[in-house]
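Take a look at the structure below.
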Amino acid sequence: MAGHASGDLVLSGVSRVYDTFTAVDNIDLVIPQGSFFALLGPSGCGKTTTLRMVAGLEQPTAGTISIGDHDITATKPYQRNVNTVFQNYALFPHLDILDNVAFGLRQRGVKDWKPKAMEALELVELAHVAKKKPTQLSGGMQQRVALARAVVNRPDVLLLDEPLGALDLKLRRQMQIELKRIQQEVGLTFVHVTHDQEEAMTMADTIAVMNAGKLQQVGDPGTLYEKPESTFAANFLGQSNLLRATVKGVSAEIASLDVHGIPMTVPAASLPGGASELWLGIRPEKVRIISEGTEAAGLNTLRGEVTDVSFLGVATQYLIAMPWGRELTVVQQNDGMPRAALGSNVCLGWVPANSFVLDASQDADAGAQLVEDE
Amino acid sequence: MAWLRRNLVIIVGILVMIYILLPNLVVIIFSFNKPLGRYNYQWNEFSFDAWTNVCGVPGMCQSVGLSLQIGLIASLTAAVLGTMVAFALGRYRFRGRSGTNLLIFLPMATPEVVMGSSLLTLFIAMGIPTGRTTILIAHIMFCLSFVVVTVKARVASLDPRLEQAAADLYANEFQTFRKVTLPLVLPGIAAGTLLAFSLSFDDYIITNFNASPESVTFPMYVWGAAQRGTPVQINVIGTVMFLGALAVVVIGQVVSSRRNRKVA
């Protein structure tokens, strides 16, 4: 078998063009060995095509793919030390569970395939169904078999194509924890494709956000969430309030902004270079509803009318109409503080360092609609 | 009235079954007959004569042998060729694909008389003497259509991701075909081959056009015998064929129901 040189998975300048449609557009990506990496984006963004190119099931139109210093771009899928957990598992229906898991080992002529396959089944806690056929198992069990079938080969890179998409919410949560545990146990590089931002943030060390065939931003979940670099990332990962702002002045540490006539500040370091028209972004849970007269100095404040109150259990979500027409979403923990009433006028405030600023040339709703569609 | 309404479906079902199975029953019963004259149409007396002396009638067992031989060669050849055609049609987009689909369907839609006579014309024009070979060519031709249709349905229902998964798990193209594709398509190939065999064994019209006096198949023998008198042995062969087919169906049902029970 070729391609046994383990190392980082590197995609350089990779594109995939179908006739007139560019599915993947010049992607450069380094996925460190042993990391749990998520490719996140709406359906049709090119994430699955990228995955299939790494697996060898699809050929890039341009660019190279390598593992360590081994260029695998032109090799066949069966020559790559890369295994895939397919979206609908793709278990062989005519083979029993043990033979499914042992398929790759026997294909490579591994002598002690049986104990190794059983060990992999034990890892996913399914040793007791080794003699059953795939159709006799539930969706969640089939998913774990598919994982065992890939993990047992100890590939350089393990690819997961929306592996939890067909499971119900409760099972999905359970499997997320399970996948993370297995990844840490075996220490393989996992590349996980998903459209579910929560799933990506729960499991991955590093997330690459994709849209329309291009990489939007790569980073750890915390950075992506707190400091998105585009309106798409801001809206696709969680909710964001975006306010139109104009730069009024910049000092060493603080930039003063004008938001619909209201003065606000942000740390000067967070300004995107050169732009004077901005989107000032603030996550709903970072906004506080503050009582009259207790505004602390240095907070950015706004006033508005409560137009909607929805109780979410751990939190309450408010919609607050601004004087200029748009509504702000505010989420408050249900920590025993009194709730604001519908129709009342409230004062909102947040710490400037908790907000982020983006260049105003982008569409404020990019990525927002897509999340609701899924 | 209420009783009738409740049981109507069962009653009609039983009547239809009787309608279908009665001719077979008559064949079986008359295989134990000892007829008075040359024709086995009237019940005379019970006997095992025909069963103990199956090949006693001149030429009959040779004709059964020839029919079995032609049926086996034709159905197996059609199975191999038809499977390849089915994969080509089911998997690949190529120029002339819809035309090929139509041509494959044609032998099933053409009246046998037309096909038999035009094949004969072709063989005569090419100077090929009729006989076992021409019968085989004709049978393989019409068997092919039935194999292609059954296997193509199976190929269409095959998830292409299974083959991708095999390739992902280090199986090259040939290994993938042998270990994943073929086992999954095999039920379709088996069904198509059995169908082809029974069609070949049973064919009279096309065979009769393209046969010679030296190549008399079982259907031709029965037809010829009916002019001169029907030996009881024909019923014995008929009974054996019927029971054989029944056994295949019953075994198939038992195997699939056992598999389903395990799944449930």
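The chains in the structure tokens are called A, B, ... from first to last as shown; in each chain the residues are counted from 1, and the ligands are counted from 1 in the order shown.
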
Notebook entry, point to check: Residues of chain B within 12 Å of chain A, using only C-alpha atoms, as an MDAnalysis selection string?
Noted result: chainID B and resid 158:176 179:187 259:264

Item checked: Residue neighbourhood range 116-124 of chain B, 10 Å, only C-alpha atoms, exclusion window fewer than 3 positions, as a list of chain:residue names ->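 Here the answer would be B:Thr110, B:Pro111, B:Glu112, B:Val113, B:Gly127, B:Ile128, B:Pro129, B:Thr130, B:Thr134, B:Ile135, B:Ile137, B:Ala138, B:Tyr204, B:Ile205, B:Ile206, B:Thr207, B:Asn208, B:Phe209, B:Asn210, B:Ala211.
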
Next item on the list: Go through range 208-327 of chain A and collect every residue that DSSP, computed from the backbone, puts in strand (DSSP E or B); the answer should be as a PyMOL selection string.
Entry: chain A and resi 208-211+214-219+241-250+254-259+262-267+277-282+288-290+300-311+315-321+327

Next item on the list: Could you check how far CA of Leu257 in chain A sits from CA of Leu328 in chain A, in Å to one decimal?
Entry: 18.2 Å

Notebook entry, point to check: If we count only C-alpha atoms, what is near range 237-245 of chain B at a cut-off of 9 Å, once residues fewer than 6 positions away on the same chain are taken out, given as a count of residues only?
Noted result: 7

Applying 7 Å and only C-alpha atoms, which residues near Ile67 in chain A remain after dropping the ones on its own chain fewer than 4 positions away? List them as a PDB file with N, CA and C atoms, in the first residue's frame.
```pdb
ATOM      1  N   ALA A   5       3.260   7.385   4.648  1.00  0.00           N
ATOM      2  CA  ALA A   5       3.935   8.462   5.362  1.00  0.00           C
ATOM      3  C   ALA A   5       2.896   9.293   6.082  1.00  0.00           C
ATOM      4  N   SER A   6       2.850   9.182   7.406  1.00  0.00           N
ATOM      5  CA  SER A   6       1.878   9.932   8.175  1.00  0.00           C
ATOM      6  C   SER A   6       2.362  11.367   8.341  1.00  0.00           C
ATOM      7  N   GLY A   7       1.427  12.276   8.516  1.00  0.00           N
ATOM      8  CA  GLY A   7       1.795  13.669   8.706  1.00  0.00           C
ATOM      9  C   GLY A   7       0.585  14.554   8.499  1.00  0.00           C
ATOM     10  N   ASP A   8       0.819  15.847   8.367  1.00  0.00           N
ATOM     11  CA  ASP A   8      -0.280  16.784   8.164  1.00  0.00           C
ATOM     12  C   ASP A   8      -0.916  16.569   6.798  1.00  0.00           C
ATOM     13  N   LEU A   9      -2.235  16.768   6.750  1.00  0.00           N
ATOM     14  CA  LEU A   9      -2.931  16.723   5.470  1.00  0.00           C
ATOM     15  C   LEU A   9      -2.911  18.137   4.893  1.00  0.00           C
ATOM     16  N   VAL A  10      -2.340  18.270   3.698  1.00  0.00           N
ATOM     17  CA  VAL A  10      -2.186  19.600   3.112  1.00  0.00           C
ATOM     18  C   VAL A  10      -2.907  19.671   1.761  1.00  0.00           C
ATOM     19  N   ASP A  71       2.661  13.134  -1.971  1.00  0.00           N
ATOM     20  CA  ASP A  71       1.608  13.692  -2.828  1.00  0.00           C
ATOM     21  C   ASP A  71       0.657  12.571  -3.230  1.00  0.00           C
TER      22      ASP A  71
END
```

Margin query: I'd like the neighbourhood of range 322-324 of chain A as JSON, numbers by chain, where a residue qualifies if any of its atoms comes within 10 Å (using only C-alpha atoms), though same-chain residues fewer than 5 positions away should be ignored.
Written below: {"A": [260, 302, 303, 304, 305, 306]}

Write the residues of the preceding selection, restricted to N, CA and C atoms, as a short mmCIF file (atom, residue, chain, number, x, y, z; two decimals), in the first residue's frame.
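That gives us out-v6.cif:
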```cif
data_model
loop_
_atom_site.label_atom_id
_atom_site.label_comp_id
_atom_site.auth_asym_id
_atom_site.auth_seq_id
_atom_site.Cartn_x
_atom_site.Cartn_y
_atom_site.Cartn_z
N HIS A 260 -26.31 55.20 14.13
CA HIS A 260 -27.59 55.89 14.00
C HIS A 260 -27.67 57.07 14.97
N LEU A 302 -28.03 51.38 24.43
CA LEU A 302 -29.09 51.66 23.46
C LEU A 302 -30.41 51.59 24.20
N ARG A 303 -31.46 52.25 23.65
CA ARG A 303 -32.79 52.14 24.23
C ARG A 303 -33.73 51.59 23.18
N GLY A 304 -34.72 50.81 23.66
CA GLY A 304 -35.69 50.27 22.72
C GLY A 304 -36.90 49.70 23.42
N GLU A 305 -37.86 49.22 22.61
CA GLU A 305 -39.10 48.70 23.16
C GLU A 305 -39.15 47.19 22.95
N VAL A 306 -39.54 46.46 24.01
CA VAL A 306 -39.62 45.00 23.92
C VAL A 306 -40.82 44.63 23.06
#
```

Check: DSSP on the backbone: what in range 114-192 of chain B comes out helix (DSSP H, G or I), as a ChimeraX atom specification?
Finding: /B:114-126,132-156,160-168,173-192

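Close contacts of Val232 in chain B, defined as residues with an atom at most 7 Å away when counting only C-alpha atoms, with chain neighbours fewer than 2 positions off set aside, comprise Ser31, Asn40, Ala50, Thr230, Ile234, Asn235 and Val236 of chain B.
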